[in-house]
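Below you'll find the structure, written out as structure tokens, and then a few comments.
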Amino acid sequence: MNTDRLWRHYKFIFKHYGHIEGVSRKTKKAIIGKKMSRKALRKRLAAVVITKDEQSRTVDISDVFCPRCGCDQTRSTGNMTEYPELWVRSYCLRCGFLVCEADNSLEHHALEFPEDNYRIH
């Protein structure tokens, strides 16, 4: 796609304050891309490798994406509290699923919780 056309779509998104829900299908398709099939999503979920380091309590995920639709794009709320505290949430740009959250702790990704149907608790 021509870069001028793509810039037009980005300008339209910024005009709507980054909320993809209120824009046209053509703009969504230009920015996010085509939706992943269920079969491809299941294969991608099966290929994810999660490595937990007990000493530093960190988690390394081989591939980061939305477990509901397979989208790589997210939107973040930014820090929603005053300075010493930390509360950040990231949502999938396509379906609005809560993908990542940090609440005065390390960042937790939805892919860490397959037993809870990929919901952050």
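In the structure tokens, the first chain shown is A, the next is B, and so on; residue numbers restart at 1 for each chain, and ligands run from 1 in the order shown.
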
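Once Glu112 (chain A) and its same-chain neighbours fewer than 6 positions away are set aside, A:Val48, A:Val49, A:Ile50, A:Thr51, A:Lys52, A:Val59, A:Asp60, A:Ile61, A:Cys100, A:Tyr118, A:Arg119, A:Ile120 remain within 10 Å of it when counting only C-alpha atoms.
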
**Message:** If DSSP is run on the backbone, what residues of chain A are alpha helix (DSSP H)? A reply as a count of residues only would be ideal.
**Reply:** 30

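The smallest atom-to-atom distance between Ala46 (chain A) and any of A:Gly78, A:Pro84, A:Pro114, A:Gly33, using only C-alpha atoms, is found for A:Pro114.
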
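Here the question is which of A:Cys71, A:Glu101, A:Asp63, A:Thr58 gets nearest to Met36 (chain A) using only C-alpha atoms, and that residue is A:Cys71.
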
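Here CA of Lys34 (chain A) and CA of Leu111 (chain A) stand 21.5 Å from one another.
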
**Request:** Using DSSP on the backbone coordinates, identify the residues of region 47-96 of chain A assigned to strand (DSSP E); present them as a ChimeraX atom specification.
**Result:** /A:50-53,58-61,74-76,87-92

**Asked** Could you pull the residues within 12 Å of Ser37 (chain A), counting only C-alpha atoms, minus those fewer than 4 positions along the same chain, as an MDAnalysis selection string?
**Response** chainID A and resid 41:44 68:71
